[in-house]
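Student: Just protein.cif, nothing more (mmCIF, C-alpha atoms):
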```cif
data_coords
loop_
_atom_site.label_atom_id
_atom_site.label_comp_id
_atom_site.auth_asym_id
_atom_site.auth_seq_id
_atom_site.Cartn_x
_atom_site.Cartn_y
_atom_site.Cartn_z
CA MET S 1 -41.79 137.47 -26.54
CA THR S 2 -43.17 133.96 -26.50
CA ALA S 3 -45.51 133.17 -23.64
CA GLY S 4 -44.39 130.14 -21.58
CA LYS S 5 -46.31 126.95 -22.17
CA HIS S 6 -48.48 125.74 -19.35
CA LYS S 7 -49.51 122.09 -19.23
CA PRO S 8 -52.42 121.32 -16.97
CA GLN S 9 -51.40 118.76 -14.37
CA ALA S 10 -52.73 115.30 -15.04
CA ALA S 11 -54.81 113.72 -12.28
CA ILE S 12 -52.78 111.39 -10.07
CA HIS S 13 -54.43 108.05 -9.38
CA LEU S 14 -52.42 105.75 -7.16
CA ASN S 15 -53.01 101.99 -6.77
CA LEU S 16 -51.19 101.01 -3.59
CA GLY S 17 -49.98 97.43 -3.96
CA GLY S 18 -51.28 97.59 -7.52
CA GLU S 19 -50.45 95.08 -10.24
CA ALA S 20 -52.00 96.97 -13.17
CA GLU S 21 -55.39 95.43 -12.45
CA GLN S 22 -56.96 98.90 -12.75
CA LEU S 23 -56.57 101.27 -15.69
CA ASP S 24 -55.00 104.72 -15.54
CA CYS S 25 -53.20 104.27 -12.22
CA ILE S 26 -49.66 104.49 -10.98
CA ASN S 27 -49.08 101.07 -9.44
CA GLN S 28 -47.13 101.32 -6.20
CA GLN S 29 -45.09 98.31 -5.13
CA PRO S 30 -42.74 97.90 -2.13
CA HIS S 31 -39.20 99.23 -2.44
CA TRP S 32 -37.82 95.65 -2.24
CA ALA S 33 -39.87 94.45 -5.25
CA ASP S 34 -38.77 94.75 -8.86
CA LEU S 35 -40.03 94.33 -12.40
CA ALA S 36 -38.98 90.68 -12.54
CA ASP S 37 -41.54 89.82 -9.87
CA ARG S 38 -44.76 88.17 -10.97
CA ALA S 39 -48.15 89.76 -10.41
CA SER S 40 -50.17 87.57 -8.06
CA ARG S 41 -53.38 87.91 -10.08
CA THR S 42 -52.03 87.14 -13.54
CA GLY S 43 -48.68 85.41 -13.05
CA ARG S 44 -47.20 87.88 -15.54
CA GLN S 45 -44.01 89.71 -14.74
CA LEU S 46 -44.53 93.32 -13.71
CA ARG S 47 -42.11 94.16 -16.55
CA ASP S 48 -44.72 92.90 -19.04
CA GLU S 49 -47.34 95.15 -17.49
CA LEU S 50 -44.96 98.10 -17.71
CA ILE S 51 -44.25 97.38 -21.38
CA ALA S 52 -48.01 97.24 -21.94
CA GLY S 53 -48.20 100.82 -20.67
CA ASP S 54 -48.92 100.55 -16.94
CA PRO S 55 -46.55 102.63 -14.80
CA PHE S 56 -44.97 101.32 -11.61
CA LEU S 57 -43.47 103.08 -8.63
CA PHE S 58 -41.26 101.12 -6.23
CA CYS S 59 -41.14 102.86 -2.87
CA ASP S 60 -41.62 102.50 0.85
CA ASN S 61 -45.38 102.47 1.46
CA GLN S 62 -44.83 103.98 4.91
CA ASN S 63 -43.53 107.18 3.35
CA LEU S 64 -45.06 107.76 -0.08
CA PRO S 65 -43.02 110.14 -2.26
CA PHE S 66 -45.90 112.54 -2.81
CA PRO S 67 -46.42 115.93 -1.18
CA ASP S 68 -49.33 116.44 1.19
CA GLY S 69 -52.61 116.85 -0.63
CA SER S 70 -51.27 116.02 -4.09
CA VAL S 71 -53.08 112.80 -5.09
CA ASP S 72 -56.52 112.77 -6.66
CA ALA S 73 -57.53 109.19 -5.95
CA ILE S 74 -56.19 106.12 -4.21
CA ILE S 75 -57.20 102.51 -4.77
CA THR S 76 -56.31 99.53 -2.63
CA ASN S 77 -57.33 95.98 -3.61
CA GLY S 78 -56.74 93.00 -1.35
CA VAL S 79 -53.88 94.56 0.62
CA PRO S 80 -53.36 94.81 4.37
CA VAL S 81 -54.27 98.26 5.74
CA ASP S 82 -52.84 99.34 9.12
CA ARG S 83 -51.79 95.71 9.67
CA VAL S 84 -48.43 93.99 9.83
CA THR S 85 -47.76 90.83 7.83
CA TRP S 86 -44.72 88.59 7.43
CA LEU S 87 -43.57 91.03 4.72
CA GLY S 88 -43.65 94.00 7.12
CA PRO S 89 -46.09 96.85 7.64
CA GLY S 90 -48.96 97.13 5.20
CA ILE S 91 -50.48 100.29 3.83
CA PRO S 92 -50.92 102.97 6.51
CA SER S 93 -54.24 104.77 6.25
CA SER S 94 -52.48 107.85 7.66
CA GLU S 95 -50.37 108.05 4.48
CA ILE S 96 -53.48 107.74 2.37
CA GLN S 97 -55.06 110.62 4.28
CA ARG S 98 -51.89 112.68 4.03
CA VAL S 99 -51.35 112.52 0.28
CA LEU S 100 -54.98 112.79 -0.82
CA LYS S 101 -56.17 116.15 -2.04
CA SER S 102 -59.20 117.72 -0.45
CA GLY S 103 -62.08 116.01 -2.24
CA GLY S 104 -59.82 113.09 -3.19
CA THR S 105 -61.20 109.58 -2.83
CA TRP S 106 -59.98 106.26 -1.46
CA HIS S 107 -61.61 103.09 -2.76
CA HIS S 108 -60.75 99.88 -0.93
CA ASP S 109 -61.78 96.53 -2.43
CA GLY S 110 -64.16 98.39 -4.73
CA GLN S 111 -65.87 100.35 -1.97
CA LEU S 112 -65.58 104.10 -1.40
CA LEU S 113 -64.14 104.37 2.10
CA LEU S 114 -63.10 107.99 2.20
CA THR S 115 -63.64 111.30 0.49
CA LYS S 116 -61.15 113.64 2.08
CA PRO S 117 -62.84 116.77 3.42
CA MET U 118 -73.47 78.25 5.49
CA SER U 119 -71.55 81.53 5.77
CA LYS U 120 -69.05 82.15 3.04
CA PHE U 121 -65.42 83.07 3.48
CA ALA U 122 -65.80 86.04 1.13
CA GLU U 123 -68.45 87.47 3.44
CA LEU U 124 -65.76 87.99 6.08
CA LEU U 125 -64.76 91.17 4.24
CA ALA U 126 -68.26 92.49 3.57
CA ASN U 127 -68.49 96.07 4.79
CA PRO U 128 -72.07 97.36 4.53
CA ALA U 129 -71.53 99.83 7.40
CA ASN U 130 -68.45 101.40 5.79
CA ARG U 131 -66.20 100.56 8.71
CA SER U 132 -62.46 101.12 8.52
CA ALA U 133 -60.46 98.71 6.40
CA ALA U 134 -58.28 97.83 9.40
CA ASP U 135 -61.31 96.90 11.53
CA ILE U 136 -62.85 94.75 8.81
CA GLN U 137 -59.55 92.96 8.19
CA SER U 138 -58.94 92.42 11.92
CA ASP U 139 -62.41 90.94 12.34
CA ALA U 140 -61.90 88.71 9.30
CA GLU U 141 -58.66 87.38 10.77
CA ARG U 142 -60.34 86.73 14.10
CA GLU U 143 -63.34 84.99 12.54
CA PHE U 144 -61.38 82.96 9.96
CA SER U 145 -60.93 79.82 12.05
CA ASN U 146 -64.64 79.74 12.90
CA ARG U 147 -65.46 79.96 9.22
CA VAL U 148 -63.11 77.04 8.51
CA SER U 149 -64.85 75.01 11.23
CA GLY U 150 -68.17 75.61 9.49
CA SER U 151 -66.83 74.48 6.11
CA ARG U 152 -65.68 71.21 4.53
CA LEU U 153 -62.08 72.38 4.83
CA VAL U 154 -59.75 71.50 7.71
CA ALA U 155 -57.69 73.96 9.73
CA ARG U 156 -53.96 73.47 9.29
CA LYS U 157 -51.92 73.46 12.50
CA ALA U 158 -48.48 75.05 12.61
CA ASN U 159 -46.84 71.80 13.75
CA GLY U 160 -44.14 71.43 11.10
CA ILE U 161 -45.30 67.87 10.36
CA SER U 162 -45.69 66.81 6.75
CA PRO U 163 -49.13 65.39 6.01
CA SER U 164 -49.43 61.82 4.81
CA GLY U 165 -51.11 60.54 1.67
CA ARG U 166 -52.31 62.95 -1.01
CA SER U 167 -52.56 66.28 0.74
CA VAL U 168 -52.85 69.95 -0.05
CA ILE U 169 -51.99 72.72 2.37
CA LEU U 170 -53.26 76.14 1.34
CA GLY U 171 -52.48 79.47 2.98
CA VAL U 172 -54.62 82.49 2.16
CA ALA U 173 -54.67 86.09 3.33
CA SER U 174 -57.80 86.81 5.32
CA TYR U 175 -57.59 90.43 4.07
CA SER U 176 -57.84 89.37 0.40
CA PRO U 177 -61.31 89.07 -1.20
CA ASN U 178 -59.92 87.07 -4.14
CA GLU U 179 -58.26 84.51 -1.87
CA LEU U 180 -61.33 84.11 0.36
CA GLN U 181 -63.44 83.69 -2.79
CA MET U 182 -61.09 80.91 -3.84
CA LEU U 183 -61.72 79.15 -0.50
CA ASP U 184 -65.45 79.35 -1.14
CA GLU U 185 -64.93 77.74 -4.54
CA MET U 186 -62.87 74.95 -3.01
CA ASP U 187 -65.44 74.38 -0.30
CA ALA U 188 -68.09 73.91 -2.99
CA SER U 189 -65.92 71.61 -5.08
CA ASP U 190 -66.48 67.84 -5.28
CA GLY U 191 -62.72 67.44 -5.61
CA ILE U 192 -61.89 68.01 -1.96
CA ALA U 193 -63.21 64.54 -1.16
CA ARG U 194 -60.17 63.10 -2.98
CA PHE U 195 -57.57 65.00 -0.97
CA ASP U 196 -56.73 65.88 2.57
CA VAL U 197 -57.08 69.67 2.23
CA GLN U 198 -55.88 71.85 5.07
CA VAL U 199 -56.02 75.65 5.13
CA PHE U 200 -54.52 78.45 7.19
CA ASP U 201 -54.46 82.23 7.30
CA VAL U 202 -51.07 83.66 6.31
CA MET U 203 -51.63 86.38 8.91
CA ASN U 204 -50.53 83.69 11.40
CA CYS U 205 -47.06 83.92 9.85
CA ARG U 206 -44.96 86.66 11.39
CA SER U 207 -41.85 85.85 9.37
CA HIS U 208 -40.81 83.89 6.28
CA ASP U 209 -39.65 81.07 8.57
CA ASP U 210 -43.17 80.61 9.94
CA PHE U 211 -44.36 79.26 6.61
CA GLY U 212 -42.23 76.18 7.19
CA ARG U 213 -44.29 75.37 10.28
CA PHE U 214 -47.45 75.30 8.17
CA ILE U 215 -45.99 73.92 4.94
CA PRO U 216 -42.96 71.73 5.82
CA ASP U 217 -40.09 72.01 3.32
CA ALA U 218 -41.54 75.24 1.88
CA PRO U 219 -38.91 77.58 0.38
CA LYS U 220 -37.23 79.95 2.80
CA ARG U 221 -38.77 83.09 1.31
CA VAL U 222 -42.43 83.58 0.50
CA GLU U 223 -43.02 86.79 -1.39
CA GLN U 224 -46.76 86.67 -1.94
CA SER U 225 -49.98 84.94 -0.97
CA PRO U 226 -51.80 82.67 -1.47
CA VAL U 227 -49.41 79.75 -1.02
CA VAL U 228 -50.01 76.06 -1.71
CA GLY U 229 -48.04 72.94 -0.94
CA VAL U 230 -48.98 69.62 -2.54
CA TYR U 231 -47.80 66.46 -0.80
CA GLU U 232 -47.63 62.84 -1.85
CA ASP U 233 -46.69 60.27 0.78
CA GLY U 234 -45.24 62.91 3.05
CA GLN U 235 -43.12 64.60 0.36
CA LEU U 236 -43.67 68.14 -0.86
CA VAL U 237 -44.01 67.68 -4.63
CA ARG U 238 -45.22 71.12 -5.61
CA PHE U 239 -45.13 74.59 -4.08
CA GLU U 240 -46.64 77.70 -5.61
CA THR U 241 -47.39 81.26 -4.59
CA GLY U 242 -49.56 83.99 -6.06
CA LEU U 243 -53.22 83.79 -7.00
CA HIS U 244 -52.73 82.83 -10.64
CA CYS U 245 -50.27 79.99 -10.00
CA VAL U 246 -52.11 78.65 -6.96
CA ARG U 247 -55.42 78.59 -8.85
CA GLU U 248 -53.71 76.82 -11.74
CA THR U 249 -52.37 74.19 -9.34
CA LEU U 250 -55.72 73.68 -7.61
CA ASN U 251 -57.48 73.50 -10.99
CA ARG U 252 -55.14 70.77 -12.19
CA LEU U 253 -55.89 68.81 -9.02
CA GLY U 254 -59.63 69.22 -9.58
CA LEU U 255 -60.04 71.23 -6.39
CA LEU U 256 -61.78 74.18 -8.03
CA PRO U 257 -65.15 73.75 -9.79
#
```
Please go through the file and, once you have read it, give me the structure as structure tokens.

Tutor:
Amino acid sequence: MTAGKHKPQAAIHLNLGGEAEQLDCINQQPHWADLADRASRTGRQLRDELIAGDPFLFCDNQNLPFPDGSVDAIITNGVPVDRVTWLGPGIPSSEIQRVLKSGGTWHHDGQLLLTKP
Amino acid sequence: MSKFAELLANPANRSAADIQSDAEREFSNRVSGSRLVARKANGISPSGRSVILGVASYSPNELQMLDEMDASDGIARFDVQVFDVMNCRSHDDFGRFIPDAPKRVEQSPVVGVYEDGQLVRFETGLHCVRETLNRLGLLP
């Protein structure tokens, strides 16, 4: 009998509002965005970043599609947190807290803001 | 002279929301202390050669760009007015700051370039706005 294969789970690093400016992250963009949109920082289409190997997730940032305590690290760069802009609600810190694993980290604008207990 | 980028400095590790709220509140004071002029939401097109720039007070890159403009010799050649996009509650609000701006604004920063009261160029996003300001000689 062949033993079943077990793949260790890869660490999940989430860049909320990300445009592939950081390596090895899933870049989360709002559900109303798409790959034809241009990244603010580079002017390149998000499609080009995807082709270059950077993954994107388009979803509602108020309800991230991750189970509680499942994300290893979260990064936010230059995005509104717990604020409302003309585009709607920004990133809720409560969602960040919810999805982070115990010991998981949140870096905001390059600064460690939270290590979840 | 205090820099715009310093608005988001967080040496005490305060919450992101608090830092961003304070930056929004302090933004107009920082403009007053700079060589830039605060843009009013009056829907009136500026005369002459003018640039209206909207930045997000929660964005370090965009505040850094304001610091660069403030230090640039080029702003003497233009009427440069700035505003915080957090003062826009809807897409329509952008038209009050940048008359004749497109109906939908999907990202910040935003820039409108005017000549003799006519909007001749409109760009959004950091890369395209920086390119525009560079071409005008407004970034060092």

Student: Determine the residue set returned by the PyMOL selection byres ((chain S) within 8 of (chain U)) for the present structure, and present it as an MDAnalysis selection string.

Tutor: chainID S and resid 39:43 77:83 85:87 108:109 113

Student: Around (-48.2, 106.6, 6.9) in the file's own coordinates, what residues are found within 8 Å if you use only C-alpha atoms, given back as a ChimeraX atom specification?

Tutor: /S:61-64,91-96,98

Student: Which residues fall under the PyMOL selection byres ((chain U and resi 158) around 12) in this file, as a VMD selection string?

Tutor: chain U and resid 155 to 157 159 to 163 169 171 198 to 202 204 to 205 209 to 216

Student: Give me the result of the PyMOL selection byres ((chain S and resi 107) around 10) on this file, residue by residue, as a PDB file with C-alpha atoms, in the coordinates of the input.

Tutor:
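Contents of out-v1.pdb, as written:
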```
ATOM      1  CA  ASN S  15     -53.010 101.990  -6.770  1.00  0.00           C
ATOM      2  CA  ALA S  73     -57.530 109.190  -5.950  1.00  0.00           C
ATOM      3  CA  ILE S  74     -56.190 106.120  -4.210  1.00  0.00           C
ATOM      4  CA  ILE S  75     -57.200 102.510  -4.770  1.00  0.00           C
ATOM      5  CA  THR S  76     -56.310  99.530  -2.630  1.00  0.00           C
ATOM      6  CA  ASN S  77     -57.330  95.980  -3.610  1.00  0.00           C
ATOM      7  CA  THR S 105     -61.200 109.580  -2.830  1.00  0.00           C
ATOM      8  CA  TRP S 106     -59.980 106.260  -1.460  1.00  0.00           C
ATOM      9  CA  HIS S 108     -60.750  99.880  -0.930  1.00  0.00           C
ATOM     10  CA  ASP S 109     -61.780  96.530  -2.430  1.00  0.00           C
ATOM     11  CA  GLY S 110     -64.160  98.390  -4.730  1.00  0.00           C
ATOM     12  CA  GLN S 111     -65.870 100.350  -1.970  1.00  0.00           C
ATOM     13  CA  LEU S 112     -65.580 104.100  -1.400  1.00  0.00           C
ATOM     14  CA  LEU S 113     -64.140 104.370   2.100  1.00  0.00           C
ATOM     15  CA  LEU S 114     -63.100 107.990   2.200  1.00  0.00           C
ATOM     16  CA  THR S 115     -63.640 111.300   0.490  1.00  0.00           C
TER      17      THR S 115
END
```

Student: One decimal, Å: what's the distance from CA of Asp187 in chain U over to CA of Arg152 in chain U, could you say?

Tutor: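 Atom-to-atom, CA of Asp187 in chain U and CA of Arg152 in chain U are spaced 5.8 Å apart.
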
Student: Between CA of Leu35 in chain S and CA of Asp54 in chain S, what is the spacing in Å?

Tutor: 11.8 Å

Student: With a distance cut-off of 12 Å and only C-alpha atoms, select the neighbouring residues of Ala188 in chain U, excluding the residue or stretch itself and same-chain residues fewer than 4 positions from it, and output the selection as a PDB file with C-alpha atoms, in the frame of the given file.

Tutor:
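Generated file (selection-v7.pdb):
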```pdb
ATOM      1  CA  MET U 118     -73.470  78.250   5.490  1.00  0.00           C
ATOM      2  CA  LYS U 120     -69.050  82.150   3.040  1.00  0.00           C
ATOM      3  CA  PHE U 121     -65.420  83.070   3.480  1.00  0.00           C
ATOM      4  CA  SER U 151     -66.830  74.480   6.110  1.00  0.00           C
ATOM      5  CA  ARG U 152     -65.680  71.210   4.530  1.00  0.00           C
ATOM      6  CA  LEU U 153     -62.080  72.380   4.830  1.00  0.00           C
ATOM      7  CA  GLN U 181     -63.440  83.690  -2.790  1.00  0.00           C
ATOM      8  CA  MET U 182     -61.090  80.910  -3.840  1.00  0.00           C
ATOM      9  CA  LEU U 183     -61.720  79.150  -0.500  1.00  0.00           C
ATOM     10  CA  ASP U 184     -65.450  79.350  -1.140  1.00  0.00           C
ATOM     11  CA  ILE U 192     -61.890  68.010  -1.960  1.00  0.00           C
ATOM     12  CA  ALA U 193     -63.210  64.540  -1.160  1.00  0.00           C
ATOM     13  CA  GLY U 254     -59.630  69.220  -9.580  1.00  0.00           C
ATOM     14  CA  LEU U 255     -60.040  71.230  -6.390  1.00  0.00           C
ATOM     15  CA  LEU U 256     -61.780  74.180  -8.030  1.00  0.00           C
ATOM     16  CA  PRO U 257     -65.150  73.750  -9.790  1.00  0.00           C
TER      17      PRO U 257
END
```

Student: Please provide the set of residues having any atom within 9 Å of Ile12 in chain S, restricted to only C-alpha atoms, with same-chain residues fewer than 3 positions apart removed, written as a compact mmCIF listing (two decimals) with C-alpha atoms, keeping the file's coordinate frame.

Tutor:
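Output below, filename selection_35.txt:
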```txt
# COMPACT_ATOMS: atom_id res chain seq x y z
CA GLN S 9 -51.40 118.76 -14.37
CA ASP S 24 -55.00 104.72 -15.54
CA CYS S 25 -53.20 104.27 -12.22
CA ILE S 26 -49.66 104.49 -10.98
CA SER S 70 -51.27 116.02 -4.09
CA VAL S 71 -53.08 112.80 -5.09
CA ASP S 72 -56.52 112.77 -6.66
CA ALA S 73 -57.53 109.19 -5.95
CA ILE S 74 -56.19 106.12 -4.21
```

Student: For Pro30 in chain S, which residue among S:Val99, S:Cys59, S:Leu14, S:Ile51 is the nearest when counting all atoms listed in the file?

Tutor: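 Under the stated criterion, the closest residue is S:Cys59.
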
Student: Just give me the gap between CA of Pro65 in chain S and CA of His13 in chain S in Å, one decimal is fine.

Tutor: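 Result for CA of Pro65 in chain S versus CA of His13 in chain S: 13.6 Å, one decimal.
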
Student: Counting only C-alpha atoms, which of S:Asp68, S:Leu57, S:Gly90, S:Glu19 gets nearest to Gly104 in chain S?

Tutor: S:Asp68

Student: Would you kindly return, as a PyMOL selection string, each protein, DNA or RNA residue with an atom no farther than 7 Å from any atom of Leu236 in chain U, considering all atoms listed in the file and excluding same-chain residues fewer than 6 positions away?

Tutor: chain U and resi 217+229-230

Student: Determine the nearest neighbour of Thr249 in chain U from the options U:Val228, U:Leu180, U:Glu141, U:Lys220, counting only C-alpha atoms.

Tutor: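 Closest to Thr249 in chain U, using only C-alpha atoms: U:Val228.
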